[in-house]
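Q: Structure file protein_38.csv (CSV, C-alpha atoms) right here:
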```csv
chain,number,residue,atom,x,y,z
A,2,MET,CA,-17.8,26.6,-60.8
A,3,THR,CA,-17.5,25.7,-64.5
A,4,ASP,CA,-20.8,24.8,-66.2
A,5,PRO,CA,-20.1,21.8,-68.5
A,6,ALA,CA,-23.1,22.4,-70.7
A,7,LYS,CA,-22.0,26.0,-71.4
A,8,ALA,CA,-18.4,24.8,-72.1
A,9,ILE,CA,-19.7,22.3,-74.6
A,10,ALA,CA,-22.0,24.8,-76.2
A,11,THR,CA,-19.1,27.2,-76.6
A,12,GLN,CA,-16.9,24.5,-78.1
A,13,LEU,CA,-19.6,23.5,-80.6
A,14,ALA,CA,-20.1,27.2,-81.6
A,15,ASN,CA,-16.3,27.4,-82.1
A,16,ILE,CA,-16.4,24.2,-84.2
A,17,GLU,CA,-19.0,25.9,-86.5
A,18,LYS,CA,-16.8,29.0,-86.9
A,19,ARG,CA,-13.6,27.0,-87.6
A,20,SER,CA,-15.3,24.7,-90.1
A,21,GLY,CA,-17.5,27.3,-91.7
A,22,LYS,CA,-20.4,24.8,-91.5
A,23,SER,CA,-23.5,24.5,-89.2
A,24,LEU,CA,-23.7,21.7,-86.7
A,25,GLU,CA,-26.5,20.2,-88.8
A,26,GLN,CA,-24.3,20.2,-91.9
A,27,LEU,CA,-21.4,18.7,-90.0
A,28,VAL,CA,-23.6,15.9,-88.4
A,29,ALA,CA,-25.2,15.2,-91.8
A,30,ALA,CA,-21.7,14.8,-93.4
A,31,LEU,CA,-20.6,12.4,-90.7
A,32,ARG,CA,-23.7,10.3,-91.1
A,33,ALA,CA,-23.5,10.4,-94.9
A,34,SER,CA,-19.9,9.1,-94.7
A,35,GLY,CA,-21.1,5.5,-94.0
A,36,LEU,CA,-18.5,5.2,-91.3
A,37,GLY,CA,-19.6,3.7,-88.0
A,38,LYS,CA,-16.6,3.7,-85.6
A,39,HIS,CA,-15.9,6.7,-83.4
A,40,GLY,CA,-12.2,6.8,-84.4
A,41,GLU,CA,-13.0,6.8,-88.1
A,42,LEU,CA,-15.6,9.6,-87.7
A,43,ARG,CA,-13.1,11.6,-85.6
A,44,ALA,CA,-10.4,11.2,-88.3
A,45,LEU,CA,-12.9,12.2,-91.0
A,46,ALA,CA,-13.8,15.4,-89.0
A,47,GLN,CA,-10.2,16.2,-88.6
A,48,SER,CA,-9.3,15.8,-92.3
A,49,GLU,CA,-12.5,17.1,-93.9
A,50,PHE,CA,-13.3,20.0,-91.6
A,51,GLY,CA,-9.8,20.9,-90.4
A,52,LEU,CA,-10.7,20.3,-86.7
A,53,GLY,CA,-8.2,19.4,-84.0
A,54,TYR,CA,-8.5,16.1,-82.1
A,55,GLY,CA,-10.5,17.5,-79.2
A,56,ASP,CA,-13.0,19.4,-81.4
A,57,ALA,CA,-13.4,16.4,-83.7
A,58,ASN,CA,-14.0,14.1,-80.7
A,59,THR,CA,-16.6,16.5,-79.3
A,60,LEU,CA,-18.3,16.8,-82.7
A,61,VAL,CA,-18.6,13.0,-83.0
A,62,HIS,CA,-20.0,12.7,-79.5
A,63,HIS,CA,-22.5,15.4,-80.4
A,64,ALA,CA,-23.4,13.7,-83.6
A,65,ALA,CA,-24.0,10.4,-81.7
A,66,GLN,CA,-26.4,12.1,-79.4
A,67,ALA,CA,-28.2,14.2,-82.1
A,68,PRO,CA,-31.5,12.8,-83.3
A,69,ALA,CA,-31.3,11.3,-86.8
A,70,GLY,CA,-33.2,13.1,-89.5
A,71,PRO,CA,-35.7,11.2,-91.8
A,72,GLY,CA,-33.9,8.4,-93.6
A,73,GLU,CA,-30.6,9.4,-92.0
A,74,PRO,CA,-28.5,6.8,-90.2
A,75,ALA,CA,-27.2,7.6,-86.7
A,76,ALA,CA,-23.6,8.3,-86.2
A,77,GLY,CA,-21.8,6.4,-83.5
A,78,GLY,CA,-18.6,5.5,-81.7
A,79,SER,CA,-16.9,2.1,-81.9
A,80,GLU,CA,-19.4,-0.7,-81.3
A,81,ALA,CA,-17.4,-2.2,-78.6
A,82,GLU,CA,-16.9,1.1,-76.7
A,83,GLY,CA,-20.6,2.1,-77.2
A,84,ASP,CA,-21.8,-1.3,-76.1
A,85,VAL,CA,-19.7,-1.2,-73.0
A,86,ILE,CA,-20.8,2.3,-72.1
A,87,ASP,CA,-24.5,1.4,-72.7
A,88,GLY,CA,-24.0,-1.7,-70.5
A,89,LEU,CA,-22.3,0.3,-67.7
A,90,TYR,CA,-25.2,2.7,-67.5
A,91,ALA,CA,-28.1,0.4,-68.1
A,92,GLY,CA,-31.1,-0.1,-65.8
A,93,PRO,CA,-30.9,1.6,-62.4
A,94,LYS,CA,-27.5,3.2,-63.3
A,95,ALA,CA,-29.0,5.0,-66.4
A,96,ALA,CA,-29.3,8.3,-64.5
A,97,LEU,CA,-25.5,8.4,-64.1
A,98,ARG,CA,-24.9,8.5,-67.9
A,99,PRO,CA,-25.0,12.4,-68.0
A,100,VAL,CA,-22.2,12.5,-65.4
A,101,HIS,CA,-20.1,10.2,-67.4
A,102,ASP,CA,-20.8,12.1,-70.6
A,103,ALA,CA,-19.9,15.5,-68.9
A,104,VAL,CA,-16.5,14.1,-67.8
A,105,MET,CA,-15.7,12.7,-71.2
A,106,SER,CA,-16.9,15.8,-73.1
A,107,GLN,CA,-14.5,18.0,-71.0
A,108,LEU,CA,-11.7,15.5,-71.4
A,109,ALA,CA,-12.1,15.6,-75.1
A,110,GLY,CA,-10.8,19.1,-75.1
A,111,PHE,CA,-7.5,18.1,-73.5
A,112,GLY,CA,-5.9,16.4,-76.5
A,113,ALA,CA,-5.4,12.9,-77.8
A,114,PHE,CA,-6.0,9.9,-75.6
A,115,GLU,CA,-7.1,6.3,-76.0
A,116,ILE,CA,-10.2,4.7,-74.5
A,117,ALA,CA,-9.9,1.0,-73.5
A,118,PRO,CA,-13.3,-0.4,-72.6
A,119,LYS,CA,-13.3,-2.9,-69.8
A,120,LYS,CA,-16.2,-5.0,-68.4
A,121,THR,CA,-17.1,-2.5,-65.6
A,122,TYR,CA,-15.3,0.7,-66.5
A,123,LEU,CA,-13.3,2.6,-69.2
A,124,SER,CA,-9.5,2.9,-69.0
A,125,LEU,CA,-8.2,6.2,-70.3
A,126,ARG,CA,-4.7,6.2,-71.5
A,127,ARG,CA,-2.0,8.2,-73.2
A,128,SER,CA,1.5,6.6,-72.9
A,129,LYS,CA,0.1,5.1,-69.7
A,130,GLN,CA,-3.3,5.0,-67.9
A,131,PHE,CA,-4.1,8.3,-66.4
A,132,ALA,CA,-7.8,7.7,-65.4
A,133,THR,CA,-10.6,5.2,-65.1
A,134,ILE,CA,-14.3,6.0,-65.2
A,135,GLY,CA,-17.4,3.9,-64.5
A,136,PRO,CA,-20.4,3.5,-62.2
A,137,ALA,CA,-19.4,2.7,-58.6
A,138,THR,CA,-22.9,2.4,-57.3
A,139,ARG,CA,-26.4,3.1,-58.5
A,140,SER,CA,-25.9,6.7,-57.5
A,141,GLN,CA,-22.3,7.5,-58.1
A,142,VAL,CA,-19.7,7.4,-60.9
A,143,GLU,CA,-16.2,6.7,-59.8
A,144,LEU,CA,-13.3,8.6,-61.5
A,145,GLY,CA,-9.9,7.0,-60.7
A,146,LEU,CA,-6.9,9.3,-61.3
A,147,ASN,CA,-3.2,8.6,-61.4
A,148,MET,CA,-1.4,11.6,-59.7
A,149,LYS,CA,1.5,10.4,-57.6
A,150,GLY,CA,2.6,12.6,-54.8
A,151,VAL,CA,-0.7,14.6,-54.6
A,152,PRO,CA,-2.1,14.7,-51.1
A,153,GLY,CA,-5.7,13.6,-50.8
A,154,THR,CA,-8.6,15.7,-49.6
A,155,THR,CA,-12.1,15.0,-48.4
A,156,ARG,CA,-13.2,14.8,-52.0
A,157,LEU,CA,-10.0,13.4,-53.6
A,158,ALA,CA,-9.5,10.0,-51.8
A,159,GLU,CA,-6.0,8.6,-51.8
A,160,GLN,CA,-5.8,4.9,-52.6
A,161,ALA,CA,-3.4,2.3,-51.3
A,162,PRO,CA,-0.1,2.0,-53.3
A,163,GLY,CA,-0.1,-0.6,-56.1
A,164,GLY,CA,-3.7,-0.1,-57.2
A,165,MET,CA,-4.9,0.9,-60.6
A,166,CYS,CA,-5.2,4.5,-59.6
A,167,SER,CA,-3.6,6.7,-56.9
A,168,HIS,CA,-6.8,8.7,-56.2
A,169,LYS,CA,-10.6,8.3,-56.6
A,170,VAL,CA,-13.4,10.8,-56.8
A,171,ARG,CA,-17.1,9.9,-56.5
A,172,LEU,CA,-19.5,12.0,-58.7
A,173,ALA,CA,-23.3,12.0,-58.3
A,174,THR,CA,-24.3,15.0,-60.4
A,175,VAL,CA,-23.1,16.9,-63.5
A,176,ALA,CA,-22.5,19.9,-61.3
A,177,GLU,CA,-19.7,18.0,-59.6
A,178,VAL,CA,-17.8,18.1,-63.0
A,179,ASP,CA,-16.4,21.4,-61.8
A,180,ALA,CA,-13.1,23.4,-62.1
A,181,GLU,CA,-11.5,21.5,-59.2
A,182,LEU,CA,-12.2,18.1,-60.7
A,183,LEU,CA,-11.1,19.3,-64.2
A,184,GLY,CA,-7.8,20.5,-62.6
A,185,TRP,CA,-7.1,17.1,-61.1
A,186,LEU,CA,-8.1,15.4,-64.4
A,187,ARG,CA,-5.8,17.7,-66.3
A,188,GLN,CA,-2.9,17.0,-63.9
A,189,ALA,CA,-3.4,13.2,-64.4
A,190,PHE,CA,-3.7,13.7,-68.2
A,191,ASP,CA,-0.6,15.8,-68.4
A,192,GLY,CA,1.3,13.3,-66.2
A,193,ALA,CA,0.7,10.5,-68.6
A,194,ALA,CA,2.3,12.1,-71.6
```
Can you give me the file's structure in the form of structure tokens?
A:
Amino acid sequence: MTDPAKAIATQLANIEKRSGKSLEQLVAALRASGLGKHGELRALAQSEFGLGYGDANTLVHHAAQAPAGPGEPAAGGSEAEGDVIDGLYAGPKAALRPVHDAVMSQLAGFGAFEIAPKKTYLSLRRSKQFATIGPATRSQVELGLNMKGVPGTTRLAEQAPGGMCSHKVRLATVAEVDAELLGWLRQAFDGAA
């Protein structure tokens, strides 16, 4: 089973090597830029530090979660996206946020994609929607995947034709963001190119 925390730690260490700067320096530079939208910060990380899309995306997510130093503004994603995500995982669903973040952190390494915030979930798109993610209940995140022709399993539930996604997976813990799930997510991602 893949450990998402280890994978992210390895990616962050590689970002330091590629950029020649410490994470603290990178986060400070993002925060000092005065930019507030996730896409703007990602573009800055790509142009200023020579990072690819996935590394820049992970760095911006890391910066948003890193505590601000004295007198330092927090870095963030787009206000609309951040507000929707905060709202999705508020109150009794707050414990699900690490599951959501683990999926998104792994997905960031796949390549470019668009996040379209909706009222109760996020739509993830390339040339077309490949996945949706949002809380299904107080104890489970639902990841919808578009992978036509893939047979369902006990874990990978096939959906009726004509729906937003062909399959759904319910996730209750970060440990469930494993190699099997990432394989399905990669297949959906690649199929939406």
Q: What is the CA of Gly55 (chain A)-CA of Val175 (chain A) distance in Å, reported with one decimal?
A: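 Result for CA of Gly55 (chain A) versus CA of Val175 (chain A): 20.1 Å, one decimal.
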Q: So, counting only C-alpha atoms, which residue among A:His63, A:Arg98, A:His168, A:His39 is closest to Ile116 (chain A)?
A: A:His39
Q: Out of A:Leu172, A:Ala132, A:Leu60, A:Leu52, which residue has the shortest atom-to-atom distance to Gln26 (chain A) when counting all atoms listed in the file?
A: A:Leu60
Q: Quick one: everything within 6 Å of Thr133 (chain A), counting all atoms listed in the file, minus sequence neighbours fewer than 5 positions away in the same chain. Send it as an NGL selection string.
A: :A and (123-125 or 144-145)
Q: Choose the residue, out of A:Glu25, A:Glu49, A:Asp56, A:Asp87, that has the smallest atom-to-atom separation from Thr121 (chain A); count only C-alpha atoms.
A: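 Closest to Thr121 (chain A), using only C-alpha atoms: A:Asp87.
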Q: Could you give me, as an NGL selection string, the residues within 10 Å of Ala158 (chain A), counting only C-alpha atoms and dropping anything in the same chain fewer than 2 positions from it?
A: :A and (145-146 or 152-156 or 160-161 or 167-171)
Q: Please fill the gaps in region 10-41 of chain A so it has N, CA and C atoms, and write that as a short mmCIF file (atom, residue, chain, number, x, y, z; two decimals), in the coordinates of the input.
A:
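Wrote rebuild_7.cif, looks like this:
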```cif
data_model
loop_
_atom_site.label_atom_id
_atom_site.label_comp_id
_atom_site.auth_asym_id
_atom_site.auth_seq_id
_atom_site.Cartn_x
_atom_site.Cartn_y
_atom_site.Cartn_z
N ALA A 10 -21.34 23.91 -75.26
CA ALA A 10 -22.00 24.80 -76.20
C ALA A 10 -21.03 25.76 -76.86
N THR A 11 -20.12 26.31 -76.06
CA THR A 11 -19.10 27.20 -76.60
C THR A 11 -18.18 26.48 -77.56
N GLN A 12 -17.77 25.26 -77.19
CA GLN A 12 -16.90 24.50 -78.10
C GLN A 12 -17.61 24.17 -79.39
N LEU A 13 -18.89 23.80 -79.33
CA LEU A 13 -19.60 23.50 -80.60
C LEU A 13 -19.78 24.75 -81.43
N ALA A 14 -20.01 25.92 -80.81
CA ALA A 14 -20.10 27.20 -81.60
C ALA A 14 -18.75 27.45 -82.26
N ASN A 15 -17.65 27.20 -81.55
CA ASN A 15 -16.30 27.40 -82.10
C ASN A 15 -16.05 26.43 -83.28
N ILE A 16 -16.56 25.22 -83.17
CA ILE A 16 -16.40 24.20 -84.20
C ILE A 16 -17.12 24.72 -85.49
N GLU A 17 -18.31 25.31 -85.33
CA GLU A 17 -19.00 25.90 -86.50
C GLU A 17 -18.19 26.97 -87.15
N LYS A 18 -17.61 27.86 -86.34
CA LYS A 18 -16.80 29.00 -86.90
C LYS A 18 -15.57 28.44 -87.60
N ARG A 19 -14.87 27.50 -86.98
CA ARG A 19 -13.60 27.00 -87.60
C ARG A 19 -13.89 26.23 -88.87
N SER A 20 -14.98 25.49 -88.91
CA SER A 20 -15.30 24.70 -90.10
C SER A 20 -16.01 25.44 -91.18
N GLY A 21 -16.70 26.52 -90.78
CA GLY A 21 -17.50 27.30 -91.70
C GLY A 21 -18.83 26.56 -92.09
N LYS A 22 -19.21 25.57 -91.27
CA LYS A 22 -20.40 24.80 -91.50
C LYS A 22 -21.27 24.80 -90.21
N SER A 23 -22.58 24.65 -90.39
CA SER A 23 -23.50 24.50 -89.20
C SER A 23 -23.32 23.15 -88.61
N LEU A 24 -23.72 23.01 -87.35
CA LEU A 24 -23.70 21.70 -86.70
C LEU A 24 -24.51 20.69 -87.49
N GLU A 25 -25.66 21.12 -88.00
CA GLU A 25 -26.50 20.20 -88.80
C GLU A 25 -25.79 19.71 -90.01
N GLN A 26 -25.06 20.61 -90.70
CA GLN A 26 -24.30 20.20 -91.90
C GLN A 26 -23.18 19.22 -91.51
N LEU A 27 -22.50 19.51 -90.40
CA LEU A 27 -21.40 18.70 -90.00
C LEU A 27 -21.91 17.26 -89.58
N VAL A 28 -23.01 17.23 -88.81
CA VAL A 28 -23.60 15.90 -88.40
C VAL A 28 -24.06 15.17 -89.62
N ALA A 29 -24.72 15.85 -90.56
CA ALA A 29 -25.20 15.20 -91.80
C ALA A 29 -24.03 14.60 -92.57
N ALA A 30 -22.92 15.33 -92.66
CA ALA A 30 -21.70 14.80 -93.40
C ALA A 30 -21.15 13.61 -92.71
N LEU A 31 -21.09 13.62 -91.39
CA LEU A 31 -20.60 12.40 -90.70
C LEU A 31 -21.46 11.23 -90.93
N ARG A 32 -22.76 11.44 -90.86
CA ARG A 32 -23.70 10.30 -91.10
C ARG A 32 -23.70 9.84 -92.50
N ALA A 33 -23.52 10.74 -93.44
CA ALA A 33 -23.50 10.40 -94.90
C ALA A 33 -22.24 9.62 -95.24
N SER A 34 -21.21 9.71 -94.40
CA SER A 34 -19.90 9.10 -94.70
C SER A 34 -20.02 7.55 -94.75
N GLY A 35 -21.00 6.99 -94.04
CA GLY A 35 -21.10 5.50 -94.00
C GLY A 35 -20.18 4.92 -92.95
N LEU A 36 -19.37 5.74 -92.28
CA LEU A 36 -18.50 5.20 -91.30
C LEU A 36 -19.23 5.02 -89.96
N GLY A 37 -18.83 4.03 -89.18
CA GLY A 37 -19.60 3.70 -88.00
C GLY A 37 -18.72 3.80 -86.69
N LYS A 38 -17.41 3.70 -86.82
CA LYS A 38 -16.60 3.70 -85.60
C LYS A 38 -16.20 5.12 -85.24
N HIS A 39 -16.16 5.33 -83.93
CA HIS A 39 -15.90 6.70 -83.40
C HIS A 39 -14.56 7.21 -83.94
N GLY A 40 -13.51 6.40 -83.91
CA GLY A 40 -12.20 6.80 -84.40
C GLY A 40 -12.19 7.21 -85.86
N GLU A 41 -12.92 6.46 -86.65
CA GLU A 41 -13.00 6.80 -88.10
C GLU A 41 -13.72 8.09 -88.31
#
```
